[in-house]
Amino acid sequence: MCIEPAPPPPGRLTRRGVLAASAALAGTATALASGTATAVGPARRPARAGDLVVEGGTLLDPATGDVTEDAIVVIRDGVVRAAGPRDRVDVPADTPRLDAHGRWVLPGLIDAHIHLNTAAEARDAVRQGATSARSGSTNFYQDIAVRELARQAPQHAPRLKAAGVFVTPDLGDTVLADPDLTPLARLKDGVRSAEALRRVVSVNLARGVDVVKTRVNERAGLADQDPLTQVYSHAQLSEVVAAARRGGKGVLCHSYSEKGCHDAVTAGIRSLEHGVFVGERTLHEMRRRGTYFTPTLTAIAGLAEASDPVLAERGRTFLPVLQRAVLAAHELGVPLAAGTDSSGGSIDPIGREVELMRAAGLPALDAIRTATTGAAQLLDLDGTAGRLARGFAGDVVLLSGDPLADVSVLKSPLRVVRSGVAL
């Protein structure tokens with residue numbers, strides 16, 4: 001897993017250049033938006049973008065588990081102003097309506113581990129229900145541009161926490177992502193010394209990342225690598241965590257082996273990614289520290305369908321182990337977050353991850369929380385995303401059925417609303 005190679009963008013990319021690229025992306029998206037806006041109800045005046053009333057559906061609040069029939073959600077300027085039963089909500093006149101009768105209404109979902117390299121991938125993620133997300137890193141800081149795209153034209157990208165480039169021993173072509181990384185190409189052993197680790201983190205911080213991504217094990221998605229092989233020691237991971245903390249950022253860590261997971265958690269990471277062979281002692285440590293677990297079950301399950309026999313066997317072997325780890329984590333009280341680890345141009349629906357959380361043994365509501373309130377807390381969006389309540393973002397998914405009875409309906413939202421704009 002994490003991540004498919006991608007070619008560098010044309011031209012020299014500098015810190016100022018990434019802002020220019022962001023502006024170019026945003027301008028394109030805005031032009032697209034102006035040509036694709038669709039009225040969702042009659043209005044006697046031009047509606048402001050981000051004004052919408054979602055009416056008549058069954059509203060689920062993941063935070064409380066409360067279910068409200070014939071609910072009204074009022075969104076103004078992209079923010080929820082009111083949500084509740086029809087007889088308790090004042091519906092503003094002359095505001096576009098989205099008829100949700102016969103549908104279930106949930107907050108937009110959150111993909112806490114995704115690789116978005118293009119505007120097309122970002123749009124695809126939103127249309128599959130992921131209205132907020134955390135990047136699992138990109139090769140050339142594309143996620144920072146996607147984050148800006150989301151701010152300028154939110155209907156075209158999830159609200160994104162960017163991770164920048166991977167802190168990994170072999171940067172490969174990513175050494176070209178910033179001129180300040182190029183001196184690392186001289187290093188015989190790659191990015192392993194304390195100075196080299198700090199440099200990659202510092203370049204990320206200078207680029208404006210929200211989180212820092214590193215690894216402790218090799219990849220599971222490459223047949224010639226052994227995901228149980230450890231590439232960074234506890235001391236090296238501690239250097240990464242310390243450097244990130246000096247910039248006020250947390251660290252997410254790609255991991256598989258029990259020792260690797262334990263080293264990463266005790267080094268102070270914010271969230272453990274994949275974590276197939278995480279053991280009980282590490283889970284107890286995670287609960288004590290409040291370390292999140294993002295198991296990316298979707299990606300591990302995907303390995304079992306690979307054409308390469310080594311990867312297919314790896315997926316078949318790893319998935320039941322990871323499912324047991326997820327259930328053990330849940331029972332111990334370790335916070336869980338849903339993430340698909342989508343990459344390489346193919347975006348998996350975040351609803352699939354919720355479905356796999358449920359298959360691992362989580363109750364339906366708790367599985368839904370991993371992609372709503374739980375993921376929101378990990379991303380520091382707990383006052384913005386994960387619920388449809390006053391002051392939260394106007395991000396909505398409309399579902400064909402009751403997700404508490406069948407979470408698989410989350411895989412195919414009938415309609416998605418991003419910041420009050422119905423897609």
# chains A, B, ... in the order shown; residues from 1 in each chain; ligands from 1
$ residues_around --residues "segment 108-125 of chain A" --least-positions-apart "2" --cutoff "7 Å" --atoms "only C-alpha atoms" --output "ChimeraX atom specification"
/A:106,127-138,142-143,146,156-158,337-343,345,347,350,371-372,375,386,395-397
$ write_last_selection --atoms "C-alpha atoms" --output "compact mmCIF listing (two decimals), in the first residue's frame"
# COMPACT_ATOMS: atom_id res chain seq x y z
CA LEU A 106 -26.11 11.40 6.89
CA ARG A 127 -19.01 11.94 -5.60
CA GLN A 128 -18.53 8.66 -3.74
CA GLY A 129 -19.31 10.39 -0.46
CA ALA A 130 -15.90 11.43 0.93
CA THR A 131 -16.48 15.14 1.53
CA SER A 132 -13.50 15.36 3.92
CA ALA A 133 -10.22 13.44 3.82
CA ARG A 134 -6.64 13.14 4.99
CA SER A 135 -3.89 12.60 2.47
CA GLY A 136 -1.62 9.60 2.87
CA SER A 137 1.06 11.60 0.98
CA THR A 138 1.73 12.40 -2.67
CA GLN A 142 -0.24 17.50 -5.36
CA ASP A 143 -2.27 17.17 -2.17
CA VAL A 146 -5.95 19.69 -3.99
CA HIS A 156 -14.65 19.47 -6.77
CA ALA A 157 -12.57 18.13 -3.89
CA PRO A 158 -12.83 16.89 -0.31
CA ALA A 337 -10.75 5.85 11.63
CA ALA A 338 -11.82 4.69 8.19
CA GLY A 339 -9.43 5.05 5.27
CA THR A 340 -9.37 3.38 1.86
CA ASP A 341 -5.71 3.98 0.89
CA SER A 342 -6.99 4.66 -2.62
CA SER A 343 -4.21 5.50 -5.07
CA GLY A 345 -6.08 6.75 -10.22
CA ILE A 347 -10.82 5.74 -5.89
CA ILE A 350 -15.25 5.10 1.68
CA ALA A 371 -16.01 7.47 8.81
CA THR A 372 -17.80 10.32 10.60
CA ALA A 375 -12.34 10.27 11.69
CA GLY A 386 -18.96 14.17 10.96
CA ASP A 395 -21.86 18.16 3.63
CA VAL A 396 -24.56 15.52 3.17
CA VAL A 397 -24.97 12.04 1.70
$ residues_around --residues "Arg316 of chain A" --least-positions-apart "2" --cutoff "12 Å" --atoms "only C-alpha atoms" --output "VMD selection string"
chain A and resid 297 299 to 306 309 to 314 318 to 323
$ select_by_dssp --residues "segment 334-418 of chain A" --states "strand (DSSP E or B)" --output "list in words"
Leu336, Ser342, Ser343, Ser346, Ala393, Val396, Val397, Leu398, Leu399, Arg415, Val416, Val417 and Arg418 of chain A
$ write_last_selection --atoms "N, CA, C and O atoms" --output "PDB file, in the first residue's frame"
ATOM      1  N   LEU A 336     -10.747   4.337  16.208  1.00  0.00           N
ATOM      2  CA  LEU A 336     -10.600   3.849  14.840  1.00  0.00           C
ATOM      3  C   LEU A 336     -11.042   4.909  13.843  1.00  0.00           C
ATOM      4  O   LEU A 336     -11.993   5.660  14.090  1.00  0.00           O
ATOM      5  N   SER A 342      -6.846   4.585  -1.164  1.00  0.00           N
ATOM      6  CA  SER A 342      -6.990   4.659  -2.616  1.00  0.00           C
ATOM      7  C   SER A 342      -5.799   5.377  -3.231  1.00  0.00           C
ATOM      8  O   SER A 342      -5.310   6.369  -2.696  1.00  0.00           O
ATOM      9  N   SER A 343      -5.345   4.872  -4.386  1.00  0.00           N
ATOM     10  CA  SER A 343      -4.209   5.500  -5.074  1.00  0.00           C
ATOM     11  C   SER A 343      -4.158   4.996  -6.496  1.00  0.00           C
ATOM     12  O   SER A 343      -4.914   4.098  -6.891  1.00  0.00           O
ATOM     13  N   SER A 346      -7.442   5.105  -9.043  1.00  0.00           N
ATOM     14  CA  SER A 346      -8.681   4.395  -8.742  1.00  0.00           C
ATOM     15  C   SER A 346      -9.120   4.737  -7.331  1.00  0.00           C
ATOM     16  O   SER A 346      -8.390   4.479  -6.367  1.00  0.00           O
ATOM     17  N   ALA A 393     -20.235  21.753   8.769  1.00  0.00           N
ATOM     18  CA  ALA A 393     -20.219  21.927   7.320  1.00  0.00           C
ATOM     19  C   ALA A 393     -21.477  21.342   6.700  1.00  0.00           C
ATOM     20  O   ALA A 393     -21.995  20.317   7.150  1.00  0.00           O
ATOM     21  N   VAL A 396     -23.478  16.480   2.958  1.00  0.00           N
ATOM     22  CA  VAL A 396     -24.556  15.517   3.171  1.00  0.00           C
ATOM     23  C   VAL A 396     -24.424  14.370   2.184  1.00  0.00           C
ATOM     24  O   VAL A 396     -24.030  14.576   1.023  1.00  0.00           O
ATOM     25  N   VAL A 397     -24.760  13.154   2.627  1.00  0.00           N
ATOM     26  CA  VAL A 397     -24.974  12.044   1.696  1.00  0.00           C
ATOM     27  C   VAL A 397     -26.406  11.537   1.877  1.00  0.00           C
ATOM     28  O   VAL A 397     -26.897  11.423   3.004  1.00  0.00           O
ATOM     29  N   LEU A 398     -27.061  11.294   0.755  1.00  0.00           N
ATOM     30  CA  LEU A 398     -28.397  10.704   0.750  1.00  0.00           C
ATOM     31  C   LEU A 398     -28.275   9.238   0.348  1.00  0.00           C
ATOM     32  O   LEU A 398     -27.635   8.920  -0.657  1.00  0.00           O
ATOM     33  N   LEU A 399     -28.890   8.374   1.150  1.00  0.00           N
ATOM     34  CA  LEU A 399     -28.760   6.940   0.966  1.00  0.00           C
ATOM     35  C   LEU A 399     -30.098   6.308   0.638  1.00  0.00           C
ATOM     36  O   LEU A 399     -31.157   6.798   1.056  1.00  0.00           O
ATOM     37  N   ARG A 415     -27.087  10.761  -3.658  1.00  0.00           N
ATOM     38  CA  ARG A 415     -26.790  12.183  -3.886  1.00  0.00           C
ATOM     39  C   ARG A 415     -25.766  12.615  -2.831  1.00  0.00           C
ATOM     40  O   ARG A 415     -25.797  12.151  -1.700  1.00  0.00           O
ATOM     41  N   VAL A 416     -24.882  13.500  -3.228  1.00  0.00           N
ATOM     42  CA  VAL A 416     -23.894  14.069  -2.317  1.00  0.00           C
ATOM     43  C   VAL A 416     -24.039  15.585  -2.352  1.00  0.00           C
ATOM     44  O   VAL A 416     -24.201  16.180  -3.426  1.00  0.00           O
ATOM     45  N   VAL A 417     -24.008  16.191  -1.194  1.00  0.00           N
ATOM     46  CA  VAL A 417     -24.015  17.647  -1.066  1.00  0.00           C
ATOM     47  C   VAL A 417     -22.688  18.058  -0.451  1.00  0.00           C
ATOM     48  O   VAL A 417     -22.285  17.527   0.580  1.00  0.00           O
ATOM     49  N   ARG A 418     -21.987  18.971  -1.096  1.00  0.00           N
ATOM     50  CA  ARG A 418     -20.698  19.455  -0.591  1.00  0.00           C
ATOM     51  C   ARG A 418     -20.806  20.954  -0.355  1.00  0.00           C
ATOM     52  O   ARG A 418     -21.032  21.734  -1.283  1.00  0.00           O
TER      53      ARG A 418
END
$ closest_residue --among "A:Glu355, A:Glu148, A:Asp94, A:Asp263" --to "His234 of chain A" --atoms "only C-alpha atoms"
A:Asp263
$ closest_atom_pairs --of "segment 112-181 of chain A" --to "segment 212-220 of chain A" --cutoff "8 Å" --atoms "only C-alpha atoms" --output "tab-separated table"
residue	atom	partner	partner_atom	distance
A:Gly136	CA	A:Lys213	CA	6.7
A:Ser137	CA	A:Lys213	CA	6.5
A:Ala163	CA	A:Val212	CA	5.2
A:Gly164	CA	A:Val212	CA	7.2
A:Val165	CA	A:Lys213	CA	7.3
A:Phe166	CA	A:Lys213	CA	5.4
A:Val167	CA	A:Thr214	CA	4.6
A:Thr168	CA	A:Thr214	CA	6.0
$ write_last_selection --atoms "N, CA, C and O atoms" --output "PDB file, in the first residue's frame"
ATOM      1  N   GLY A 136      -2.646  10.535   2.418  1.00  0.00           N
ATOM      2  CA  GLY A 136      -1.623   9.600   2.866  1.00  0.00           C
ATOM      3  C   GLY A 136      -0.289   9.882   2.217  1.00  0.00           C
ATOM      4  O   GLY A 136       0.585   9.019   2.215  1.00  0.00           O
ATOM      5  N   SER A 137      -0.123  11.072   1.668  1.00  0.00           N
ATOM      6  CA  SER A 137       1.057  11.601   0.983  1.00  0.00           C
ATOM      7  C   SER A 137       0.879  11.559  -0.523  1.00  0.00           C
ATOM      8  O   SER A 137       0.061  10.803  -1.054  1.00  0.00           O
ATOM      9  N   ALA A 163      -0.519  15.827   3.530  1.00  0.00           N
ATOM     10  CA  ALA A 163       0.660  15.225   4.160  1.00  0.00           C
ATOM     11  C   ALA A 163       1.945  15.488   3.382  1.00  0.00           C
ATOM     12  O   ALA A 163       3.028  15.158   3.858  1.00  0.00           O
ATOM     13  N   GLY A 164       1.837  16.066   2.193  1.00  0.00           N
ATOM     14  CA  GLY A 164       3.042  16.334   1.418  1.00  0.00           C
ATOM     15  C   GLY A 164       3.723  15.055   0.971  1.00  0.00           C
ATOM     16  O   GLY A 164       3.080  14.096   0.561  1.00  0.00           O
ATOM     17  N   VAL A 165       5.063  15.032   1.049  1.00  0.00           N
ATOM     18  CA  VAL A 165       5.814  13.869   0.569  1.00  0.00           C
ATOM     19  C   VAL A 165       6.175  12.951   1.727  1.00  0.00           C
ATOM     20  O   VAL A 165       6.335  13.373   2.873  1.00  0.00           O
ATOM     21  N   PHE A 166       6.314  11.693   1.401  1.00  0.00           N
ATOM     22  CA  PHE A 166       6.580  10.607   2.333  1.00  0.00           C
ATOM     23  C   PHE A 166       7.988  10.741   2.925  1.00  0.00           C
ATOM     24  O   PHE A 166       8.965  10.916   2.208  1.00  0.00           O
ATOM     25  N   VAL A 167       8.098  10.626   4.238  1.00  0.00           N
ATOM     26  CA  VAL A 167       9.416  10.515   4.876  1.00  0.00           C
ATOM     27  C   VAL A 167       9.777   9.033   4.837  1.00  0.00           C
ATOM     28  O   VAL A 167       9.311   8.230   5.649  1.00  0.00           O
ATOM     29  N   THR A 168      10.601   8.653   3.862  1.00  0.00           N
ATOM     30  CA  THR A 168      10.908   7.261   3.590  1.00  0.00           C
ATOM     31  C   THR A 168      12.377   7.133   3.199  1.00  0.00           C
ATOM     32  O   THR A 168      12.957   8.105   2.701  1.00  0.00           O
TER      33      THR A 168
END
$ atom_distance --atom1 "atom CA of Val73 of chain A" --atom2 "atom CA of Thr58 of chain A"
10.6 Å
$ atom_distance --atom1 "atom CA of Leu60 of chain A" --atom2 "atom CA of Met357 of chain A"
18.5 Å
$ closest_residue --among "A:Glu280, A:Asp226, A:Asp210, A:Leu197" --to "Ala243 of chain A" --atoms "only C-alpha atoms"
A:Leu197
$ select_by_dssp --residues "segment 126-314 of chain A" --states "helix (DSSP H, G or I)" --output "ChimeraX atom specification"
/A:126-127,142-152,154-156,172-176,179-186,194-207,234-246,258-267,280-289,297-303,309-314
$ residues_around --residues "Ala389 of chain A" --least-positions-apart "2" --cutoff "10 Å" --atoms "only C-alpha atoms" --output "number ranges by chain"
A: 61, 73-74, 79-84, 107, 383-387, 391-394
$ write_last_selection --atoms "all heavy atoms" --output "CSV table (one decimal), in the first residue's frame"
chain,number,residue,atom,x,y,z
A,61,ASP,N,-27.8,11.0,13.3
A,61,ASP,CA,-26.7,11.7,13.9
A,61,ASP,C,-25.8,10.7,14.5
A,61,ASP,O,-26.0,10.0,15.5
A,61,ASP,CB,-27.3,12.6,15.1
A,61,ASP,CG,-26.1,13.4,15.7
A,61,ASP,OD1,-25.0,13.2,15.4
A,61,ASP,OD2,-26.5,14.3,16.6
A,73,VAL,N,-32.8,19.8,7.1
A,73,VAL,CA,-31.5,20.4,7.3
A,73,VAL,C,-31.3,21.6,6.5
A,73,VAL,O,-31.5,21.6,5.2
A,73,VAL,CB,-30.4,19.4,6.8
A,73,VAL,CG1,-29.0,19.9,7.0
A,73,VAL,CG2,-30.5,18.0,7.5
A,74,VAL,N,-31.1,22.7,7.1
A,74,VAL,CA,-31.0,24.1,6.5
A,74,VAL,C,-29.5,24.4,6.4
A,74,VAL,O,-28.8,24.5,7.4
A,74,VAL,CB,-31.8,25.1,7.3
A,74,VAL,CG1,-31.6,26.5,6.6
A,74,VAL,CG2,-33.2,24.8,7.4
A,79,VAL,N,-22.9,26.2,5.4
A,79,VAL,CA,-22.8,25.8,6.8
A,79,VAL,C,-24.2,25.4,7.3
A,79,VAL,O,-25.2,26.1,6.9
A,79,VAL,CB,-22.2,26.9,7.7
A,79,VAL,CG1,-22.2,26.5,9.1
A,79,VAL,CG2,-20.8,27.2,7.2
A,80,VAL,N,-24.4,24.4,8.1
A,80,VAL,CA,-25.6,24.0,8.6
A,80,VAL,C,-26.1,25.0,9.6
A,80,VAL,O,-25.4,25.4,10.6
A,80,VAL,CB,-25.6,22.6,9.3
A,80,VAL,CG1,-26.9,22.3,10.0
A,80,VAL,CG2,-25.2,21.5,8.3
A,81,ARG,N,-27.3,25.6,9.4
A,81,ARG,CA,-27.9,26.6,10.3
A,81,ARG,C,-28.9,25.9,11.3
A,81,ARG,O,-29.1,26.4,12.4
A,81,ARG,CB,-28.5,27.7,9.5
A,81,ARG,CG,-27.6,28.4,8.6
A,81,ARG,CD,-26.4,29.0,9.3
A,81,ARG,NE,-25.5,29.7,8.4
A,81,ARG,CZ,-24.3,30.1,8.7
A,81,ARG,NH1,-23.8,29.9,9.9
A,81,ARG,NH2,-23.5,30.7,7.8
A,82,ALA,N,-29.5,24.8,10.8
A,82,ALA,CA,-30.5,24.1,11.6
A,82,ALA,C,-30.7,22.7,11.1
A,82,ALA,O,-30.5,22.5,9.9
A,82,ALA,CB,-31.8,24.9,11.6
A,83,ALA,N,-31.0,21.8,12.0
A,83,ALA,CA,-31.2,20.4,11.6
A,83,ALA,C,-32.1,19.8,12.6
A,83,ALA,O,-31.9,19.9,13.8
A,83,ALA,CB,-29.9,19.6,11.4
A,84,GLY,N,-33.2,19.1,12.2
A,84,GLY,CA,-34.1,18.5,13.2
A,84,GLY,C,-35.4,18.1,12.5
A,84,GLY,O,-35.6,18.2,11.3
A,107,PRO,N,-24.3,12.9,7.5
A,107,PRO,CA,-23.2,13.8,7.1
A,107,PRO,C,-22.3,13.2,6.1
A,107,PRO,O,-22.2,12.0,6.0
A,107,PRO,CB,-22.5,14.0,8.5
A,107,PRO,CG,-22.8,12.8,9.3
A,107,PRO,CD,-24.1,12.4,8.9
A,383,GLY,N,-15.4,19.8,15.1
A,383,GLY,CA,-16.4,20.8,15.1
A,383,GLY,C,-16.9,21.2,13.8
A,383,GLY,O,-17.7,22.2,13.6
A,384,THR,N,-16.4,20.5,12.7
A,384,THR,CA,-16.7,20.9,11.4
A,384,THR,C,-17.4,19.8,10.6
A,384,THR,O,-18.4,20.0,9.9
A,384,THR,CB,-15.4,21.3,10.6
A,384,THR,OG1,-14.8,22.4,11.3
A,384,THR,CG2,-15.7,21.6,9.2
A,385,ALA,N,-16.9,18.6,10.7
A,385,ALA,CA,-17.4,17.4,9.9
A,385,ALA,C,-17.8,16.3,10.8
A,385,ALA,O,-17.5,16.3,12.0
A,385,ALA,CB,-16.2,16.9,9.0
A,386,GLY,N,-18.5,15.4,10.2
A,386,GLY,CA,-19.0,14.2,11.0
A,386,GLY,C,-20.4,14.2,11.5
A,386,GLY,O,-20.9,13.2,12.0
A,387,ARG,N,-21.0,15.4,11.5
A,387,ARG,CA,-22.4,15.5,12.0
A,387,ARG,C,-23.1,16.5,11.1
A,387,ARG,O,-22.5,17.4,10.5
A,387,ARG,CB,-22.4,16.0,13.4
A,387,ARG,CG,-21.8,15.1,14.5
A,387,ARG,CD,-22.0,15.7,15.9
A,387,ARG,NE,-23.4,15.6,16.3
A,387,ARG,CZ,-23.9,16.3,17.3
A,387,ARG,NH1,-23.1,17.1,18.1
A,387,ARG,NH2,-25.1,16.1,17.7
A,391,GLY,N,-23.7,24.8,12.8
A,391,GLY,CA,-22.3,25.2,12.8
A,391,GLY,C,-21.4,24.2,12.1
A,391,GLY,O,-20.2,24.6,11.8
A,392,PHE,N,-21.9,23.0,11.7
A,392,PHE,CA,-21.1,22.1,11.0
A,392,PHE,C,-21.1,22.3,9.5
A,392,PHE,O,-22.0,23.1,9.0
A,392,PHE,CB,-21.5,20.6,11.3
A,392,PHE,CG,-21.0,20.1,12.6
A,392,PHE,CD1,-21.5,20.6,13.8
A,392,PHE,CD2,-20.0,19.1,12.7
A,392,PHE,CE1,-21.1,20.1,15.0
A,392,PHE,CE2,-19.6,18.6,13.9
A,392,PHE,CZ,-20.1,19.1,15.1
A,393,ALA,N,-20.2,21.8,8.8
A,393,ALA,CA,-20.2,21.9,7.3
A,393,ALA,C,-21.5,21.3,6.7
A,393,ALA,O,-22.0,20.3,7.1
A,393,ALA,CB,-19.0,21.2,6.7
A,394,GLY,N,-21.9,22.0,5.6
A,394,GLY,CA,-23.1,21.5,4.9
A,394,GLY,C,-22.8,20.4,3.9
A,394,GLY,O,-23.0,20.6,2.7
$ residues_around --residues "segment 172-175 of chain A" --least-positions-apart "5" --cutoff "7 Å" --atoms "only C-alpha atoms" --output "list in words"
Asn139, Phe140, Leu181, Thr182 and Ala185 of chain A
$ atom_distance --atom1 "atom CA of Ser238 of chain A" --atom2 "atom CA of Leu381 of chain A"
25.8 Å
$ closest_residue --among "A:Ile269, A:Leu187, A:Val407, A:Leu52" --to "Arg76 of chain A" --atoms "only C-alpha atoms"
A:Leu52
$ residues_around --residues "Lys249 of chain A" --least-positions-apart "6" --cutoff "12 Å" --atoms "only C-alpha atoms" --output "VMD selection string"
chain A and resid 161 to 163 201 to 202 204 to 205 208 to 213 240 to 243 268 to 270 379 to 380
$ write_last_selection --atoms "C-alpha atoms" --output "PDB file, in the first residue's frame"
ATOM      1  CA  LYS A 161      -5.550  17.547   5.375  1.00  0.00           C
ATOM      2  CA  ALA A 162      -2.364  17.387   3.305  1.00  0.00           C
ATOM      3  CA  ALA A 163       0.660  15.225   4.160  1.00  0.00           C
ATOM      4  CA  VAL A 201      10.095  17.034   7.619  1.00  0.00           C
ATOM      5  CA  SER A 202      11.248  20.643   7.471  1.00  0.00           C
ATOM      6  CA  ASN A 204       7.163  19.461   4.268  1.00  0.00           C
ATOM      7  CA  LEU A 205       6.491  22.006   6.982  1.00  0.00           C
ATOM      8  CA  GLY A 208       2.476  23.942   4.567  1.00  0.00           C
ATOM      9  CA  VAL A 209       1.508  20.350   5.286  1.00  0.00           C
ATOM     10  CA  ASP A 210      -1.124  19.570   7.902  1.00  0.00           C
ATOM     11  CA  VAL A 211       0.376  16.212   8.924  1.00  0.00           C
ATOM     12  CA  VAL A 212       3.591  14.259   8.309  1.00  0.00           C
ATOM     13  CA  LYS A 213       3.657  10.746   6.832  1.00  0.00           C
ATOM     14  CA  VAL A 240      10.493  12.294  12.673  1.00  0.00           C
ATOM     15  CA  VAL A 241       7.891  12.731  15.413  1.00  0.00           C
ATOM     16  CA  ALA A 242       9.993  15.324  17.237  1.00  0.00           C
ATOM     17  CA  ALA A 243      10.625  17.329  14.069  1.00  0.00           C
ATOM     18  CA  GLY A 268       4.666   9.125  19.600  1.00  0.00           C
ATOM     19  CA  ILE A 269       2.868   8.875  16.267  1.00  0.00           C
ATOM     20  CA  ARG A 270      -0.676  10.216  15.995  1.00  0.00           C
ATOM     21  CA  LEU A 379      -8.380  15.111  11.519  1.00  0.00           C
ATOM     22  CA  ASP A 380      -9.134  17.837  14.087  1.00  0.00           C
TER      23      ASP A 380
END
$ closest_residue --among "A:Leu362, A:Leu414, A:Val354, A:Ala422" --to "Gly102 of chain A" --atoms "only C-alpha atoms"
A:Leu414
$ residues_around --residues "Arg281 of chain A" --least-positions-apart "6" --cutoff "12 Å" --atoms "only C-alpha atoms" --output "ChimeraX atom specification"
/A:258-259,261-263,265-266,287-288,325,328-329,332
$ write_last_selection --atoms "N, CA and C atoms" --output "tab-separated table (two decimals), in the first residue's frame"
chain	number	residue	atom	x	y	z
A	258	GLU	N	4.47	-6.41	14.21
A	258	GLU	CA	4.17	-6.05	15.60
A	258	GLU	C	5.26	-5.16	16.18
A	259	LYS	N	6.53	-5.52	15.97
A	259	LYS	CA	7.60	-4.69	16.52
A	259	LYS	C	7.57	-3.30	15.89
A	261	CYS	N	4.97	-1.74	14.64
A	261	CYS	CA	3.82	-1.01	15.20
A	261	CYS	C	4.15	-0.48	16.59
A	262	HIS	N	4.76	-1.33	17.41
A	262	HIS	CA	5.07	-0.92	18.79
A	262	HIS	C	6.09	0.22	18.80
A	263	ASP	N	7.11	0.11	17.95
A	263	ASP	CA	8.11	1.18	17.88
A	263	ASP	C	7.46	2.50	17.46
A	265	VAL	N	4.26	3.47	17.71
A	265	VAL	CA	3.35	4.00	18.73
A	265	VAL	C	4.13	4.61	19.89
A	266	THR	N	5.15	3.91	20.37
A	266	THR	CA	5.92	4.43	21.51
A	266	THR	C	6.82	5.60	21.12
A	287	ARG	N	-4.37	2.71	23.30
A	287	ARG	CA	-5.50	3.20	24.10
A	287	ARG	C	-5.00	4.20	25.14
A	288	ARG	N	-3.89	3.89	25.77
A	288	ARG	CA	-3.35	4.78	26.82
A	288	ARG	C	-2.96	6.14	26.26
A	325	ALA	N	-7.60	-7.80	14.46
A	325	ALA	CA	-6.94	-6.67	15.14
A	325	ALA	C	-7.91	-5.49	15.28
A	328	ALA	N	-10.36	-6.31	18.07
A	328	ALA	CA	-9.68	-6.20	19.36
A	328	ALA	C	-9.47	-4.75	19.75
A	329	ALA	N	-9.07	-3.93	18.76
A	329	ALA	CA	-8.88	-2.50	19.03
A	329	ALA	C	-10.18	-1.86	19.48
A	332	LEU	N	-11.11	-2.80	23.01
A	332	LEU	CA	-10.23	-2.18	24.00
A	332	LEU	C	-10.47	-0.68	24.13
$ decode --residues "segment 236-250 of chain A" --atoms "C-alpha atoms" --output "JSON list (two decimals), in the first residue's frame"
[["chain", "number", "residue", "atom", "x", "y", "z"],
["A", 236, "GLN", "CA", 14.60, 7.27, 13.73],
["A", 237, "LEU", "CA", 10.84, 7.38, 14.14],
["A", 238, "SER", "CA", 11.31, 9.50, 17.24],
["A", 239, "GLU", "CA", 13.34, 12.00, 15.17],
["A", 240, "VAL", "CA", 10.49, 12.29, 12.67],
["A", 241, "VAL", "CA", 7.89, 12.73, 15.41],
["A", 242, "ALA", "CA", 9.99, 15.32, 17.24],
["A", 243, "ALA", "CA", 10.63, 17.33, 14.07],
["A", 244, "ALA", "CA", 6.93, 17.27, 13.19],
["A", 245, "ARG", "CA", 5.92, 18.31, 16.69],
["A", 246, "ARG", "CA", 8.25, 21.29, 16.54],
["A", 247, "GLY", "CA", 6.11, 22.42, 13.63],
["A", 248, "GLY", "CA", 2.91, 21.65, 15.52],
["A", 249, "LYS", "CA", 2.05, 18.60, 13.39],
["A", 250, "GLY", "CA", 1.25, 14.96, 14.08]]
